[in-house]
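Chemist: My structure is below; once you've seen it, I'll send some questions.
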Amino acid sequence: MKKVIVIGESNTGKTTFTSCLRDIKVLPTIGIDCFTYKNLYICDTSGSECYKYLVRSFYDQQDVFLICFRTLDQLYRIGVQRKYINIIIYNGEDEMLRDKGRLYAKEHGVKFFSCSFVNKVDCNWIWNRIIDTTTTKQWRNLYCWFY
């Protein structure tokens with residue numbers, strides 16, 4: 001079973017993105033919320049500063065790192081955690097931000113996905129691509145986005 005951690009700053013949509021896999025009410029994550037889905041053990045993390053050391057203590061145990069962003073500032077701050085990241089996901093519909101995220105991902109050799117996280121169909125499609133690539137070991141050069 002692959003271990004996936006979803007990280008990012010507060011209010012980037014991490015919990016909304018993971019909630020499409022479960023039938024739960026979306027509430028802000030306190031610390032770390034872990035659950036299993038198909039062949040994945042998923043850790044949804046809080047973006048709050050007060051939990052950053054707790055979240056980092058999970059890094060060594062993970063196989064896949066997803067980072068979510070919504071603003072250009074959040075994209076540029078990814079550099080702090082870049083050595084861990086496998087997948088970057090843009091939560092929004094701004095074409096310029098999507099293109100910047102795609103270029104950033106290509107520049108650093110990681111996967112890039114984009115959609116509005118309130119669209120559960122698109123979120124499920126992305127999760128299925130993540131599941132497919134974790135089982136087939138295809139980690140590079142997959143770029144997908146929705147308009």
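Quick note on naming: the chains in the structure tokens go A, B, ... in the order shown, residues restart at 1 in each chain, and ligands are numbered from 1 in order of appearance.
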DSSP says strand (DSSP E or B) for which residues of stretch 55-126 of chain A? Put them as a PyMOL selection string?
Modeler: chain A and resi 64-69+87-91+111-115
Chemist: What's the 12 Å shell around A:Tyr59, counting only C-alpha atoms, without same-chain residues fewer than 6 positions away, as a PyMOL selection string?
Modeler: chain A and resi 3-7+32+43+45+52-53+65-66+81+83-85
Chemist: Take the selection from the previous step and output its residues with N, CA and C atoms, as a PDB file, in the first residue's frame.
Modeler:
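Full text of out27.pdb as output:
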```pdb
ATOM      1  N   LYS A   3       1.799   5.145   0.566  1.00  0.00           N
ATOM      2  CA  LYS A   3       1.446   6.176   1.531  1.00  0.00           C
ATOM      3  C   LYS A   3       1.542   7.539   0.853  1.00  0.00           C
ATOM      4  N   VAL A   4       0.438   8.278   0.888  1.00  0.00           N
ATOM      5  CA  VAL A   4       0.337   9.576   0.226  1.00  0.00           C
ATOM      6  C   VAL A   4       0.068  10.639   1.274  1.00  0.00           C
ATOM      7  N   ILE A   5       0.806  11.746   1.211  1.00  0.00           N
ATOM      8  CA  ILE A   5       0.552  12.865   2.108  1.00  0.00           C
ATOM      9  C   ILE A   5       0.174  14.070   1.252  1.00  0.00           C
ATOM     10  N   VAL A   6      -0.887  14.749   1.651  1.00  0.00           N
ATOM     11  CA  VAL A   6      -1.365  15.940   0.957  1.00  0.00           C
ATOM     12  C   VAL A   6      -0.985  17.134   1.821  1.00  0.00           C
ATOM     13  N   ILE A   7      -0.094  17.983   1.293  1.00  0.00           N
ATOM     14  CA  ILE A   7       0.398  19.117   2.061  1.00  0.00           C
ATOM     15  C   ILE A   7       0.115  20.410   1.309  1.00  0.00           C
ATOM     16  N   ILE A  32      -3.437  15.934  11.516  1.00  0.00           N
ATOM     17  CA  ILE A  32      -3.402  15.051  10.347  1.00  0.00           C
ATOM     18  C   ILE A  32      -4.592  14.099  10.409  1.00  0.00           C
ATOM     19  N   CYS A  43      -2.842  10.748   3.947  1.00  0.00           N
ATOM     20  CA  CYS A  43      -2.769  11.648   5.097  1.00  0.00           C
ATOM     21  C   CYS A  43      -3.093  13.056   4.625  1.00  0.00           C
ATOM     22  N   THR A  45      -3.359  16.813   5.652  1.00  0.00           N
ATOM     23  CA  THR A  45      -2.688  17.567   6.709  1.00  0.00           C
ATOM     24  C   THR A  45      -3.273  18.957   6.885  1.00  0.00           C
ATOM     25  N   LYS A  52       2.977  22.399  11.893  1.00  0.00           N
ATOM     26  CA  LYS A  52       3.994  22.116  10.880  1.00  0.00           C
ATOM     27  C   LYS A  52       5.001  21.055  11.328  1.00  0.00           C
ATOM     28  N   TYR A  53       5.360  21.019  12.604  1.00  0.00           N
ATOM     29  CA  TYR A  53       6.329  20.010  13.063  1.00  0.00           C
ATOM     30  C   TYR A  53       5.690  18.628  13.138  1.00  0.00           C
ATOM     31  N   PHE A  65       4.147  12.636  -2.305  1.00  0.00           N
ATOM     32  CA  PHE A  65       3.857  13.952  -1.733  1.00  0.00           C
ATOM     33  C   PHE A  65       3.067  14.769  -2.739  1.00  0.00           C
ATOM     34  N   LEU A  66       1.848  15.148  -2.367  1.00  0.00           N
ATOM     35  CA  LEU A  66       1.028  16.044  -3.173  1.00  0.00           C
ATOM     36  C   LEU A  66       1.030  17.393  -2.477  1.00  0.00           C
ATOM     37  N   GLN A  81       9.798  22.901   0.286  1.00  0.00           N
ATOM     38  CA  GLN A  81       9.526  21.470   0.401  1.00  0.00           C
ATOM     39  C   GLN A  81       9.751  20.729  -0.913  1.00  0.00           C
ATOM     40  N   LYS A  83      12.101  19.191  -2.416  1.00  0.00           N
ATOM     41  CA  LYS A  83      12.806  17.908  -2.495  1.00  0.00           C
ATOM     42  C   LYS A  83      11.901  16.720  -2.211  1.00  0.00           C
ATOM     43  N   TYR A  84      10.759  16.949  -1.573  1.00  0.00           N
ATOM     44  CA  TYR A  84       9.831  15.872  -1.256  1.00  0.00           C
ATOM     45  C   TYR A  84       8.736  15.680  -2.318  1.00  0.00           C
ATOM     46  N   ILE A  85       8.411  16.709  -3.061  1.00  0.00           N
ATOM     47  CA  ILE A  85       7.204  16.766  -3.874  1.00  0.00           C
ATOM     48  C   ILE A  85       7.273  15.847  -5.096  1.00  0.00           C
TER      49      ILE A  85
END
```
Chemist: Counting only C-alpha atoms, what is within 12 Å of A:Asp122, bar same-chain residues fewer than 3 positions away, as a VMD selection string?
Modeler: chain A and resid 17 20 to 21 89 91 to 92 113 to 119 125 to 129 144 to 147
Chemist: Under the rule that only C-alpha atoms are counted, which of A:Gln74, A:Ser57, A:Thr133, A:Asn124 is the nearest residue to A:Asn86?
Modeler: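 Smallest distance to A:Asn86 is found for A:Thr133.
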Chemist: Would you mind listing what lies within 8 Å of A:Asn39 as a compact mmCIF listing (two decimals) with N, CA and C atoms, in the first residue's frame, with only C-alpha atoms counted and same-chain residues fewer than 5 positions away left out?
Modeler:
```txt
# COMPACT_ATOMS: atom_id res chain seq x y z
N MET A 1 0.84 -1.18 0.00
CA MET A 1 0.00 0.00 0.00
C MET A 1 0.89 1.25 0.00
N LYS A 2 0.65 2.15 -0.95
CA LYS A 2 1.41 3.39 -1.04
C LYS A 2 0.89 4.41 -0.04
N ILE A 131 -3.67 7.10 -8.45
CA ILE A 131 -3.70 5.66 -8.15
C ILE A 131 -3.03 4.87 -9.27
```
Chemist: Which of chain A end up as helix (DSSP H, G or I) when DSSP is run on this backbone - answer as a PyMOL selection string?
Modeler: chain A and resi 14-19+49-56+59-61+72-81+95-108+120-136
Chemist: In Å, how far is it from atom CA of A:Phe112 to atom CA of A:Ile88?
Modeler: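 Spanning atom CA of A:Phe112 to atom CA of A:Ile88 is a straight-line distance of 4.9 Å.
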Chemist: For A:Leu75, work out the shell of residues within 9 Å, counting only C-alpha atoms and skipping chain neighbours fewer than 3 positions away, then give it as a list of chain:residue names.
Modeler: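 The neighbour list is A:Cys68, A:Phe69, A:Arg70, A:Thr71, A:Leu72, A:Ile78, A:Gly79, A:Tyr90, A:Leu97, A:Lys100, A:Gly101, A:Tyr104.
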Chemist: Could you tell me how far atom CA of A:Cys123 sits from atom CA of A:Ser19, in Å to one decimal place?
Modeler: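 Going from atom CA of A:Ser19 over to atom CA of A:Cys123, I get 9.4 Å.
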Chemist: Tell me which protein, DNA and RNA residues are within 9 Å of A:Ser46, counting only C-alpha atoms, leaving out same-chain ones fewer than 5 positions away, and put them as a ChimeraX atom specification.
Modeler: /A:7-10,14-15,28-33,51-52,55
